[in-house]
file start.tsv (TSV, C-alpha atoms and all ligand atoms)
chain	number	residue	atom	x	y	z
V	1	MET	CA	-10.47	40.57	31.22
V	2	SER	CA	-10.62	41.41	34.94
V	3	ASP	CA	-13.76	42.66	36.71
V	4	LYS	CA	-11.89	45.67	38.10
V	5	ARG	CA	-13.67	49.05	37.81
V	6	LYS	CA	-12.10	51.58	35.45
V	7	HIS	CA	-9.30	53.52	37.15
V	8	SER	CA	-9.28	57.30	36.66
V	9	ILE	CA	-7.21	60.16	38.02
V	10	LEU	CA	-9.76	60.34	40.87
V	11	THR	CA	-8.99	56.73	41.85
V	12	LEU	CA	-5.29	57.57	42.01
V	13	GLN	CA	-5.89	60.73	44.07
V	14	LYS	CA	-8.07	58.72	46.48
V	15	MET	CA	-5.32	56.11	46.82
V	16	LYS	CA	-2.85	58.85	47.82
V	17	ALA	CA	-5.33	60.31	50.32
V	18	GLU	CA	-5.91	56.88	51.87
V	19	GLY	CA	-2.24	55.83	51.84
V	20	GLU	CA	-2.76	52.97	49.39
V	21	LYS	CA	0.34	52.49	47.21
V	22	VAL	CA	-0.08	52.61	43.42
V	23	ALA	CA	1.37	49.70	41.42
V	24	TRP	CA	2.59	50.86	37.99
V	25	LEU	CA	4.33	48.88	35.26
V	26	THR	CA	5.36	49.50	31.68
V	27	ALA	CA	3.70	47.44	28.93
V	28	TYR	CA	4.18	47.60	25.20
V	29	ASP	CA	1.95	44.84	23.81
V	30	TYR	CA	-1.47	43.23	24.13
V	31	PRO	CA	-0.60	40.00	26.01
V	32	THR	CA	1.58	41.72	28.61
V	33	ALA	CA	-1.02	44.42	29.25
V	34	ALA	CA	-3.73	41.75	29.63
V	35	PHE	CA	-1.59	39.89	32.20
V	36	ALA	CA	-0.99	43.18	34.07
V	37	GLU	CA	-4.70	44.04	34.24
V	38	ALA	CA	-5.49	40.50	35.43
V	39	ALA	CA	-2.74	40.88	38.07
V	40	GLY	CA	-4.44	43.98	39.50
V	41	MET	CA	-2.04	46.63	38.19
V	42	ASP	CA	-3.31	50.17	38.86
V	43	MET	CA	-1.44	51.91	36.05
V	44	LEU	CA	0.41	51.01	32.85
V	45	LEU	CA	3.02	53.15	31.10
V	46	VAL	CA	3.62	52.66	27.40
V	47	GLY	CA	7.12	54.04	27.86
V	48	ASP	CA	9.51	55.17	25.18
V	49	SER	CA	11.72	52.52	26.84
V	50	LEU	CA	10.06	50.38	24.16
V	51	GLY	CA	12.95	51.63	22.00
V	52	MET	CA	15.33	49.42	24.01
V	53	CYS	CA	12.95	46.76	25.26
V	54	VAL	CA	11.11	46.05	22.00
V	55	TYR	CA	13.11	47.51	19.11
V	56	GLY	CA	16.68	46.94	20.31
V	57	TYR	CA	17.78	50.60	20.05
V	58	GLU	CA	20.55	51.77	22.37
V	59	GLY	CA	18.32	54.42	23.96
V	60	THR	CA	14.94	56.15	23.76
V	61	VAL	CA	15.90	59.01	21.42
V	62	PRO	CA	15.07	57.27	18.08
V	63	VAL	CA	11.51	56.37	19.17
V	64	THR	CA	8.77	58.02	17.05
V	65	MET	CA	5.22	59.16	17.75
V	66	ASP	CA	3.85	56.55	15.33
V	67	GLN	CA	5.60	53.73	17.21
V	68	CYS	CA	4.24	55.00	20.54
V	69	ILE	CA	0.69	55.23	19.20
V	70	VAL	CA	0.68	51.68	17.80
V	71	HIS	CA	1.89	50.23	21.12
V	72	CYS	CA	-0.57	52.38	23.14
V	73	GLU	CA	-3.45	51.09	21.01
V	74	ALA	CA	-2.51	47.47	21.76
V	75	VAL	CA	-2.14	48.12	25.50
V	76	ARG	CA	-5.43	50.04	25.69
V	77	ARG	CA	-7.29	47.17	23.99
V	78	ALA	CA	-5.87	44.67	26.47
V	79	ALA	CA	-6.33	46.74	29.64
V	80	PRO	CA	-9.55	48.74	29.36
V	81	ASN	CA	-9.86	49.27	33.13
V	82	THR	CA	-6.27	50.15	33.98
V	83	PHE	CA	-5.04	53.77	33.96
V	84	VAL	CA	-2.86	53.92	30.83
V	85	VAL	CA	-0.21	56.61	30.37
V	86	GLY	CA	1.36	57.32	26.97
V	87	ASP	CA	4.96	58.52	27.01
V	88	MET	CA	5.79	61.46	24.74
V	89	PRO	CA	8.91	60.56	22.74
V	90	PHE	CA	11.93	62.80	22.12
V	91	MET	CA	11.10	65.77	19.84
V	92	SER	CA	7.33	65.31	20.16
V	93	TYR	CA	7.12	68.25	22.63
V	94	GLN	CA	10.52	69.94	22.77
V	95	ILE	CA	10.00	72.38	19.88
V	96	SER	CA	6.81	74.27	20.72
V	97	ASP	CA	3.63	74.30	22.81
V	98	GLU	CA	1.64	73.73	19.59
V	99	ASP	CA	3.61	70.56	18.76
V	100	ALA	CA	3.20	69.34	22.33
V	101	VAL	CA	-0.59	69.77	22.27
V	102	LYS	CA	-0.92	68.19	18.81
V	103	ASN	CA	1.13	65.13	19.78
V	104	ALA	CA	-0.41	64.74	23.25
V	105	GLY	CA	-3.81	64.89	21.56
V	106	ARG	CA	-2.85	62.02	19.23
V	107	PHE	CA	-2.30	59.75	22.26
V	108	LEU	CA	-5.91	60.33	23.36
V	109	LYS	CA	-7.60	60.55	19.97
V	110	GLU	CA	-5.85	57.59	18.30
V	111	ALA	CA	-4.99	55.34	21.24
V	112	GLY	CA	-7.47	56.28	23.98
V	113	VAL	CA	-4.91	56.61	26.79
V	114	ASP	CA	-5.84	58.26	30.10
V	115	ALA	CA	-2.83	60.59	30.43
V	116	ILE	CA	0.47	61.51	28.85
V	117	LYS	CA	3.92	61.77	30.45
V	118	LEU	CA	6.70	64.15	29.50
V	119	GLU	CA	10.19	64.70	30.89
V	120	GLY	CA	11.48	67.92	32.42
V	121	GLY	CA	10.90	70.43	35.21
V	122	LYS	CA	10.64	74.23	35.17
V	123	ARG	CA	11.78	74.44	31.57
V	124	ILE	CA	8.69	72.64	30.24
V	125	VAL	CA	6.07	74.37	32.37
V	126	SER	CA	4.54	76.14	29.36
V	127	ARG	CA	4.21	72.75	27.55
V	128	ILE	CA	2.43	71.28	30.59
V	129	ARG	CA	0.01	74.23	30.75
V	130	ALA	CA	-0.73	74.06	27.02
V	131	ILE	CA	-1.48	70.31	27.17
V	132	LEU	CA	-3.66	70.78	30.26
V	133	ASP	CA	-5.58	73.54	28.48
V	134	ALA	CA	-6.48	70.93	25.87
V	135	GLY	CA	-8.12	68.88	28.64
V	136	ILE	CA	-5.44	66.19	28.90
V	137	VAL	CA	-4.15	64.69	32.18
V	138	VAL	CA	-0.39	65.26	32.49
V	139	CYS	CA	2.23	63.26	34.38
V	140	GLY	CA	5.53	65.06	34.95
V	141	HIS	CA	8.85	63.17	35.06
V	142	ILE	CA	11.99	64.52	36.75
V	143	GLY	CA	15.23	63.19	38.23
V	144	LEU	CA	17.01	60.94	35.76
V	145	THR	CA	15.36	61.92	32.49
V	146	PRO	CA	16.62	59.49	29.82
V	147	GLN	CA	15.78	61.74	26.84
V	148	SER	CA	18.18	64.41	28.16
V	149	SER	CA	20.66	62.05	29.83
V	150	GLY	CA	23.46	63.54	27.69
V	151	GLN	CA	23.07	66.81	29.65
V	152	LEU	CA	23.15	64.84	32.92
V	153	GLY	CA	26.42	63.15	31.93
V	154	GLY	CA	24.74	59.76	31.47
V	155	HIS	CA	22.16	57.64	33.25
V	156	LYS	CA	23.00	58.93	36.74
V	157	ALA	CA	20.93	59.28	39.91
V	158	GLN	CA	19.88	62.88	40.61
V	159	GLY	CA	19.34	64.86	43.84
V	160	ARG	CA	22.30	63.40	45.72
V	161	THR	CA	23.76	66.83	46.58
V	162	ILE	CA	22.03	69.77	48.29
V	163	ALA	CA	22.14	71.83	45.08
V	164	SER	CA	20.69	69.00	43.01
V	165	ALA	CA	18.03	68.19	45.65
V	166	ARG	CA	17.00	71.87	45.71
V	167	ALA	CA	16.67	71.91	41.90
V	168	LEU	CA	14.50	68.77	42.04
V	169	ILE	CA	12.22	70.19	44.75
V	170	GLU	CA	11.82	73.43	42.77
V	171	ASP	CA	11.03	71.45	39.60
V	172	ALA	CA	8.47	69.31	41.45
V	173	LEU	CA	6.73	72.40	42.86
V	174	ALA	CA	6.71	74.07	39.44
V	175	ILE	CA	5.16	70.98	37.84
V	176	GLU	CA	2.38	70.79	40.43
V	177	GLU	CA	1.81	74.54	40.21
V	178	ALA	CA	1.49	74.23	36.40
V	179	GLY	CA	-1.38	71.79	36.95
V	180	ALA	CA	0.14	68.34	36.33
V	181	GLN	CA	-1.89	65.69	38.17
V	182	LEU	CA	0.85	63.06	38.57
V	183	LEU	CA	4.61	63.18	39.02
V	184	LEU	CA	7.23	60.49	38.43
V	185	LEU	CA	10.64	60.68	40.13
V	186	GLU	CA	13.39	58.56	38.58
V	187	ALA	CA	16.64	57.58	40.36
V	188	VAL	CA	16.31	60.01	43.27
V	189	PRO	CA	17.36	59.42	46.94
V	190	PRO	CA	14.43	58.19	49.08
V	191	GLU	CA	14.83	61.07	51.54
V	192	VAL	CA	14.41	63.68	48.76
V	193	ALA	CA	11.62	61.69	47.04
V	194	GLY	CA	9.79	61.24	50.36
V	195	PHE	CA	9.97	64.97	51.07
V	196	ILE	CA	8.54	65.76	47.61
V	197	ALA	CA	5.78	63.12	47.96
V	198	ARG	CA	4.68	64.63	51.28
V	199	LYS	CA	4.96	68.23	50.07
V	200	LEU	CA	2.89	67.72	46.90
V	201	SER	CA	-0.83	66.98	46.96
V	202	ILE	CA	-0.70	65.05	43.63
V	203	PRO	CA	0.39	61.36	43.57
V	204	VAL	CA	4.20	61.17	43.37
V	205	LEU	CA	5.46	57.89	41.95
V	206	SER	CA	8.89	56.34	42.05
V	207	ILE	CA	11.12	54.43	39.71
V	208	GLY	CA	14.32	54.04	41.68
V	209	ALA	CA	13.23	56.76	44.12
V	210	GLY	CA	12.72	54.57	47.19
V	211	TYR	CA	9.87	53.51	49.42
V	212	GLU	CA	8.42	56.84	50.59
V	213	CYS	CA	6.56	57.72	47.37
V	214	ASP	CA	2.87	57.14	46.69
V	215	GLY	CA	3.58	54.22	44.37
V	216	GLN	CA	6.15	52.37	42.30
V	217	LEU	CA	6.92	51.91	38.61
V	218	LEU	CA	9.07	49.17	37.08
V	219	ILE	CA	9.95	48.34	33.49
V	220	VAL	CA	8.18	45.06	32.69
V	221	SER	CA	11.19	43.75	30.74
V	222	ASP	CA	13.30	44.13	33.91
V	223	LEU	CA	10.65	42.68	36.24
V	224	ILE	CA	10.27	39.49	34.18
V	225	GLY	CA	13.97	39.14	33.34
V	226	GLN	CA	13.58	39.70	29.62
V	227	PHE	CA	15.87	42.72	29.07
V	228	GLN	CA	19.45	41.50	28.94
V	229	ALA	CA	21.66	44.54	28.20
V	230	PHE	CA	21.91	45.90	31.79
V	231	THR	CA	19.97	45.93	35.07
V	232	PRO	CA	19.77	49.17	37.09
V	233	LYS	CA	20.31	48.97	40.87
V	234	PHE	CA	16.64	49.77	41.58
V	235	VAL	CA	15.27	46.78	39.68
V	236	LYS	CA	13.82	43.71	41.37
V	237	LYS	CA	13.59	40.74	39.01
V	238	TYR	CA	10.55	38.61	39.81
V	239	CYS	CA	11.25	35.86	37.28
V	240	ASN	CA	13.67	34.95	34.52
V	241	VAL	CA	11.70	34.79	31.32
V	242	ALA	CA	14.87	34.86	29.20
V	243	GLU	CA	15.93	31.54	30.74
V	244	VAL	CA	12.46	29.96	30.59
V	245	VAL	CA	11.89	30.98	26.95
V	246	THR	CA	15.41	30.04	25.77
V	247	ASP	CA	15.09	26.61	27.44
V	248	ALA	CA	11.71	26.07	25.75
V	249	MET	CA	13.15	27.05	22.37
V	250	LYS	CA	16.17	24.74	22.85
V	251	ALA	CA	13.79	21.87	23.63
V	252	TYR	CA	11.81	22.64	20.44
V	253	VAL	CA	14.97	22.69	18.29
V	254	ALA	CA	16.01	19.35	19.81
V	255	ASP	CA	12.54	17.83	19.19
V	256	VAL	CA	12.49	18.95	15.55
V	257	LYS	CA	16.00	17.61	14.91
V	258	ALA	CA	15.13	14.29	16.59
V	259	GLY	CA	11.80	13.99	14.77
V	260	THR	CA	9.91	13.80	18.06
V	261	PHE	CA	7.82	16.83	17.18
V	262	PRO	CA	5.17	16.80	15.85
V	263	ALA	CA	3.70	13.64	17.39
V	264	GLU	CA	0.40	11.90	16.59
V	265	GLU	CA	-1.58	14.21	18.85
V	266	HIS	CA	-0.44	17.28	16.86
V	267	CYS	CA	-1.73	15.96	13.48
V	268	TYR	CA	-5.01	16.47	11.57
V	269	HIS	CA	-5.73	13.02	10.03
V	270	MET	CA	-8.08	12.61	7.08
V	271	LEU	CA	-11.66	11.67	7.85
V	272	LYS	CA	-11.82	7.82	8.19
V	273	ALA	CA	-14.48	7.48	5.49
V	274	GLU	CA	-12.23	9.30	3.02
V	275	ALA	CA	-9.25	6.93	3.41
V	276	PRO	CA	-10.05	4.59	0.46
V	277	GLY	CA	-10.66	7.60	-1.77
V	278	PHE	CA	-7.29	9.03	-0.82
V	279	GLU	CA	-5.55	5.82	-1.84
V	280	GLU	CA	-7.27	6.10	-5.25
V	281	LEU	CA	-6.18	9.74	-5.47
V	282	THR	CA	-2.51	8.95	-4.86
V	283	LYS	CA	-2.65	6.27	-7.60
V	284	GLU	CA	-3.70	8.97	-10.07
V	285	PHE	CA	-0.36	10.68	-9.47
V	286	GLU	CA	1.87	7.59	-9.64
V	301	LIG	O1	10.01	55.02	28.99
V	301	LIG	C1	9.89	54.62	30.16
V	301	LIG	O2	9.62	53.44	30.44
V	301	LIG	C2	10.10	55.60	31.21
V	301	LIG	C3	10.57	55.07	32.52
V	301	LIG	C4	12.03	54.82	32.47
V	301	LIG	C5	10.27	56.02	33.60
V	301	LIG	O3	9.97	56.76	30.99
call {"tool": "encode", "arguments": {"input": "start.tsv", "output": "C-alpha cells"}}
result
Amino acid sequence: MSDKRKHSILTLQKMKAEGEKVAWLTAYDYPTAAFAEAAGMDMLLVGDSLGMCVYGYEGTVPVTMDQCIVHCEAVRRAAPNTFVVGDMPFMSYQISDEDAVKNAGRFLKEAGVDAIKLEGGKRIVSRIRAILDAGIVVCGHIGLTPQSSGQLGGHKAQGRTIASARALIEDALAIEEAGAQLLLLEAVPPEVAGFIARKLSIPVLSIGAGYECDGQLLIVSDLIGQFQAFTPKFVKKYCNVAEVVTDAMKAYVADVKAGTFPAEEHCYHMLKAEAPGFEELTKEFE
C-alpha cells in the first residue's frame, strides 16, 4: 500500500485550480488497482468496459449492476487512498430517477466508491440532480458515449462539426449547472475539449479528447497491451503484456512437456528423520 493521503473531490478541485493534471486509469481487479495506487494514480474508474476487457462481451450493454459492484469492491480494497469512480451500467439509470438513486447508492453502500459516473448530457439532468440529492458525487460523461453508440452510428468521435460542438458545449454546461462535480469527455476534438475545460469550473477529464483538459483517462487493458480486439487512435500502449504473458506461458508448456519443471528447488521433500519410516511404509503397500 502507498503512503499517499486519501484523495477526495477537494483534492481534484485543487489540482484543477493549481494546473496539476489528473492521472486516471480504469481498473477492474485487486492486483491492478494495487499497482495503480503504488504508481501514484489520482483516480481509478471501474468502467463498464469490464464487459469487453474482463468478460469478453462485444460491448458494454450486457454488463450488470452486480458485476460492477463486485469489481468495485476489489478495486476499493486494493486502492484505499485513490479516488475510485464506479460506472453505472446500461439500464441502471435510464428508466427513472428512483432507479438511478437506488443503483448509485449501491456503489457507495456496498463497494465504498467515491463517486459514480453516468453517460449523457441534457437528457439525464434530472438523474444527476436526484443522485446529487442523495449526497453522492457525480461524474458526467459526454462525447462518444458507448452505451448509446447505436444512436451515434457507432463508436465515432463527437464534436467535429459546429452543430455537434455546440451540442457538446450545451451538454457540458447543463451537467455542471445540474451540480455534477466532474466531467469526462470521450473522443472529442482538443479545441472543443479545451474550450469546455476552461469554461467549466469543475475538473474536465479526457479520454481521447486531447491535451487541453484537466487530466487524462486510459483503459488499463489498452495501456498495458492486454486488450487485443482493437486499439482506438487515442490509446498509447506503454507495454505489451499479451506478448510477455504468452511467452511466459509458452515457456511453461515447454518445461512441463520436457520434464524440466518442477525442479528440485520446487519440491517439498520429507523430513530427513522420517526417511527410514517412509521406506517401511511403502513396503506395507507392496
Ligand atoms: O467503461 C469505461 O471504461 C468508460 C470509458 C470508456 C470512459 O466509460
call {"tool": "axis_aligned_box", "arguments": {"input": "start.tsv", "around": "ligand LIG 301 (chain V)", "padding_each_side": "3 Å", "output": "JSON"}}
result
{"center_x": 10.8, "center_y": 55.1, "center_z": 31.3, "size_x": 8.4, "size_y": 9.3, "size_z": 10.6}
call {"tool": "closest_atom_pairs", "arguments": {"input": "start.tsv", "of": "chain V", "to": "ligand LIG 301 (chain V)", "cutoff": "8 Å", "atoms": "only C-alpha atoms and all ligand atoms", "output": "Markdown table"}}
result
| residue | atom | partner | partner_atom | distance |
| --- | --- | --- | --- | --- |
| V:Thr26 | CA | V:LIG301 | O2 | 5.9 |
| V:Leu45 | CA | V:LIG301 | O2 | 6.6 |
| V:Val46 | CA | V:LIG301 | O2 | 6.8 |
| V:Gly47 | CA | V:LIG301 | O1 | 3.3 |
| V:Asp48 | CA | V:LIG301 | O1 | 3.8 |
| V:Ser49 | CA | V:LIG301 | O1 | 3.7 |
| V:Leu50 | CA | V:LIG301 | O1 | 6.7 |
| V:Thr60 | CA | V:LIG301 | O1 | 7.3 |
| V:Asp87 | CA | V:LIG301 | O1 | 6.5 |
| V:Lys117 | CA | V:LIG301 | O3 | 7.9 |
| V:Glu119 | CA | V:LIG301 | O3 | 7.9 |
| V:His141 | CA | V:LIG301 | C5 | 7.4 |
| V:Thr145 | CA | V:LIG301 | O3 | 7.6 |
| V:Pro146 | CA | V:LIG301 | C4 | 7.1 |
| V:Leu184 | CA | V:LIG301 | C5 | 7.2 |
| V:Glu186 | CA | V:LIG301 | C5 | 6.4 |
| V:Ile207 | CA | V:LIG301 | C5 | 6.4 |
| V:Leu217 | CA | V:LIG301 | C5 | 7.3 |
| V:Leu218 | CA | V:LIG301 | C3 | 7.6 |
| V:Ile219 | CA | V:LIG301 | O2 | 6.0 |
call {"tool": "residues_around", "arguments": {"input": "start.tsv", "residues": "range 94-97 of chain V", "least_positions_apart": "6", "cutoff": "10 Å", "atoms": "all atoms listed in the file", "output": "VMD selection string"}}
result
chain V and resid 88 103 118 to 120 123 to 131
call {"tool": "closest_atom_pairs", "arguments": {"input": "start.tsv", "of": "range 147-257 of chain V", "to": "range 8-19 of chain V", "cutoff": "12 Å", "atoms": "all atoms listed in the file", "output": "Markdown table"}}
result
| residue | atom | partner | partner_atom | distance |
| --- | --- | --- | --- | --- |
| V:Ala180 | CA | V:Ile9 | CA | 11.1 |
| V:Gln181 | CA | V:Ile9 | CA | 7.7 |
| V:Leu182 | CA | V:Ile9 | CA | 8.6 |
| V:Leu183 | CA | V:Leu12 | CA | 11.8 |
| V:Ala197 | CA | V:Lys16 | CA | 9.6 |
| V:Arg198 | CA | V:Lys16 | CA | 10.1 |
| V:Leu200 | CA | V:Lys16 | CA | 10.6 |
| V:Ser201 | CA | V:Lys16 | CA | 8.4 |
| V:Ile202 | CA | V:Gln13 | CA | 6.8 |
| V:Pro203 | CA | V:Lys16 | CA | 5.9 |
| V:Val204 | CA | V:Lys16 | CA | 8.7 |
| V:Leu205 | CA | V:Lys16 | CA | 10.2 |
| V:Glu212 | CA | V:Gly19 | CA | 10.8 |
| V:Cys213 | CA | V:Lys16 | CA | 9.5 |
| V:Asp214 | CA | V:Lys16 | CA | 6.1 |
| V:Gly215 | CA | V:Lys16 | CA | 8.6 |
call {"tool": "closest_residue", "arguments": {"input": "start.tsv", "among": "V:Ala193, V:Leu25, V:Lys250, V:Phe278", "to": "Tyr211 in chain V", "atoms": "all atoms listed in the file"}}
result
V:Ala193
call {"tool": "atom_distance", "arguments": {"input": "start.tsv", "atom1": "CA of Gly153 in chain V", "atom2": "CA of Val63 in chain V"}}
result
20.8 Å
call {"tool": "closest_residue", "arguments": {"input": "start.tsv", "among": "V:Ala104, V:Leu168, V:Val75, V:Ala134", "to": "Lys122 in chain V", "atoms": "only C-alpha atoms"}}
result
V:Leu168
call {"tool": "closest_residue", "arguments": {"input": "start.tsv", "among": "V:Gly140, V:Gly40, V:Gly259, V:Gly159", "to": "Asn81 in chain V", "atoms": "all atoms listed in the file"}}
result
V:Gly40
call {"tool": "atom_distance", "arguments": {"input": "start.tsv", "atom1": "CA of Ala39 in chain V", "atom2": "CA of Pro189 in chain V"}}
result
28.7 Å
call {"tool": "closest_residue", "arguments": {"input": "start.tsv", "among": "V:Ile69, V:Leu271, V:Val138, V:Met249", "to": "Asp29 in chain V", "atoms": "only C-alpha atoms"}}
result
V:Ile69
call {"tool": "atom_distance", "arguments": {"input": "start.tsv", "atom1": "CA of Lys237 in chain V", "atom2": "CA of Gly150 in chain V"}}
result
27.3 Å
call {"tool": "closest_residue", "arguments": {"input": "start.tsv", "among": "V:Asp247, V:Glu264, V:Glu37, V:Asp42", "to": "Glu20 in chain V", "atoms": "all atoms listed in the file"}}
result
V:Asp42
call {"tool": "residues_around", "arguments": {"input": "start.tsv", "residues": "range 229-232 of chain V", "least_positions_apart": "3", "cutoff": "10 Å", "atoms": "all atoms listed in the file", "output": "JSON list (two decimals) with C-alpha atoms, in the coordinates of the input"}}
result
[["chain", "number", "residue", "atom", "x", "y", "z"],
["V", 52, "MET", "CA", 15.33, 49.42, 24.01],
["V", 53, "CYS", "CA", 12.95, 46.76, 25.26],
["V", 56, "GLY", "CA", 16.68, 46.94, 20.31],
["V", 58, "GLU", "CA", 20.55, 51.77, 22.37],
["V", 155, "HIS", "CA", 22.16, 57.64, 33.25],
["V", 187, "ALA", "CA", 16.64, 57.58, 40.36],
["V", 208, "GLY", "CA", 14.32, 54.04, 41.68],
["V", 222, "ASP", "CA", 13.30, 44.13, 33.91],
["V", 223, "LEU", "CA", 10.65, 42.68, 36.24],
["V", 225, "GLY", "CA", 13.97, 39.14, 33.34],
["V", 226, "GLN", "CA", 13.58, 39.70, 29.62],
["V", 235, "VAL", "CA", 15.27, 46.78, 39.68],
["V", 236, "LYS", "CA", 13.82, 43.71, 41.37],
["V", 237, "LYS", "CA", 13.59, 40.74, 39.01]]
call {"tool": "closest_residue", "arguments": {"input": "start.tsv", "among": "V:Gly210, V:Ala115, V:Gly59, V:Phe234", "to": "Ser148 in chain V", "atoms": "only C-alpha atoms"}}
result
V:Gly59
call {"tool": "decode", "arguments": {"input": "start.tsv", "residues": "range 239-260 of chain V", "atoms": "N, CA and C atoms", "output": "CSV table (one decimal), in the first residue's frame"}}
result
chain,number,residue,atom,x,y,z
V,239,CYS,N,3.2,-0.9,-22.6
V,239,CYS,CA,3.9,-2.2,-22.6
V,239,CYS,C,3.0,-3.2,-23.3
V,240,ASN,N,3.6,-4.4,-23.5
V,240,ASN,CA,2.8,-5.4,-24.2
V,240,ASN,C,2.7,-6.7,-23.4
V,241,VAL,N,1.8,-6.6,-22.5
V,241,VAL,CA,1.6,-7.7,-21.5
V,241,VAL,C,1.1,-9.0,-22.3
V,242,ALA,N,0.4,-8.8,-23.3
V,242,ALA,CA,-0.1,-10.0,-24.1
V,242,ALA,C,1.1,-10.8,-24.5
V,243,GLU,N,2.1,-10.1,-25.0
V,243,GLU,CA,3.3,-10.8,-25.5
V,243,GLU,C,4.1,-11.4,-24.3
V,244,VAL,N,4.3,-10.6,-23.3
V,244,VAL,CA,5.1,-11.1,-22.1
V,244,VAL,C,4.4,-12.3,-21.5
V,245,VAL,N,3.1,-12.3,-21.3
V,245,VAL,CA,2.4,-13.4,-20.7
V,245,VAL,C,2.3,-14.6,-21.6
V,246,THR,N,2.1,-14.4,-22.9
V,246,THR,CA,2.0,-15.5,-23.8
V,246,THR,C,3.4,-16.2,-23.8
V,247,ASP,N,4.4,-15.4,-23.9
V,247,ASP,CA,5.8,-16.0,-23.9
V,247,ASP,C,6.1,-16.8,-22.6
V,248,ALA,N,5.7,-16.3,-21.5
V,248,ALA,CA,5.9,-17.0,-20.2
V,248,ALA,C,5.1,-18.3,-20.2
V,249,MET,N,3.9,-18.3,-20.7
V,249,MET,CA,3.0,-19.5,-20.7
V,249,MET,C,3.6,-20.5,-21.7
V,250,LYS,N,4.1,-20.1,-22.8
V,250,LYS,CA,4.8,-21.0,-23.8
V,250,LYS,C,6.0,-21.7,-23.2
V,251,ALA,N,6.7,-20.9,-22.4
V,251,ALA,CA,7.9,-21.5,-21.7
V,251,ALA,C,7.5,-22.5,-20.7
V,252,TYR,N,6.4,-22.2,-20.0
V,252,TYR,CA,5.9,-23.2,-19.0
V,252,TYR,C,5.4,-24.5,-19.7
V,253,VAL,N,4.7,-24.4,-20.8
V,253,VAL,CA,4.2,-25.6,-21.5
V,253,VAL,C,5.4,-26.4,-21.9
V,254,ALA,N,6.5,-25.7,-22.5
V,254,ALA,CA,7.7,-26.4,-22.9
V,254,ALA,C,8.4,-27.1,-21.8
V,255,ASP,N,8.5,-26.4,-20.6
V,255,ASP,CA,9.1,-27.0,-19.4
V,255,ASP,C,8.4,-28.3,-19.0
V,256,VAL,N,7.0,-28.2,-18.9
V,256,VAL,CA,6.2,-29.3,-18.5
V,256,VAL,C,6.4,-30.5,-19.4
V,257,LYS,N,6.4,-30.2,-20.7
V,257,LYS,CA,6.5,-31.3,-21.7
V,257,LYS,C,7.9,-31.9,-21.6
V,258,ALA,N,8.9,-31.1,-21.4
V,258,ALA,CA,10.3,-31.6,-21.3
V,258,ALA,C,10.7,-32.2,-20.0
V,259,GLY,N,9.8,-32.1,-19.0
V,259,GLY,CA,10.1,-32.6,-17.7
V,259,GLY,C,11.1,-31.7,-16.9
V,260,THR,N,11.3,-30.5,-17.3
V,260,THR,CA,12.3,-29.6,-16.7
V,260,THR,C,11.6,-28.7,-15.6
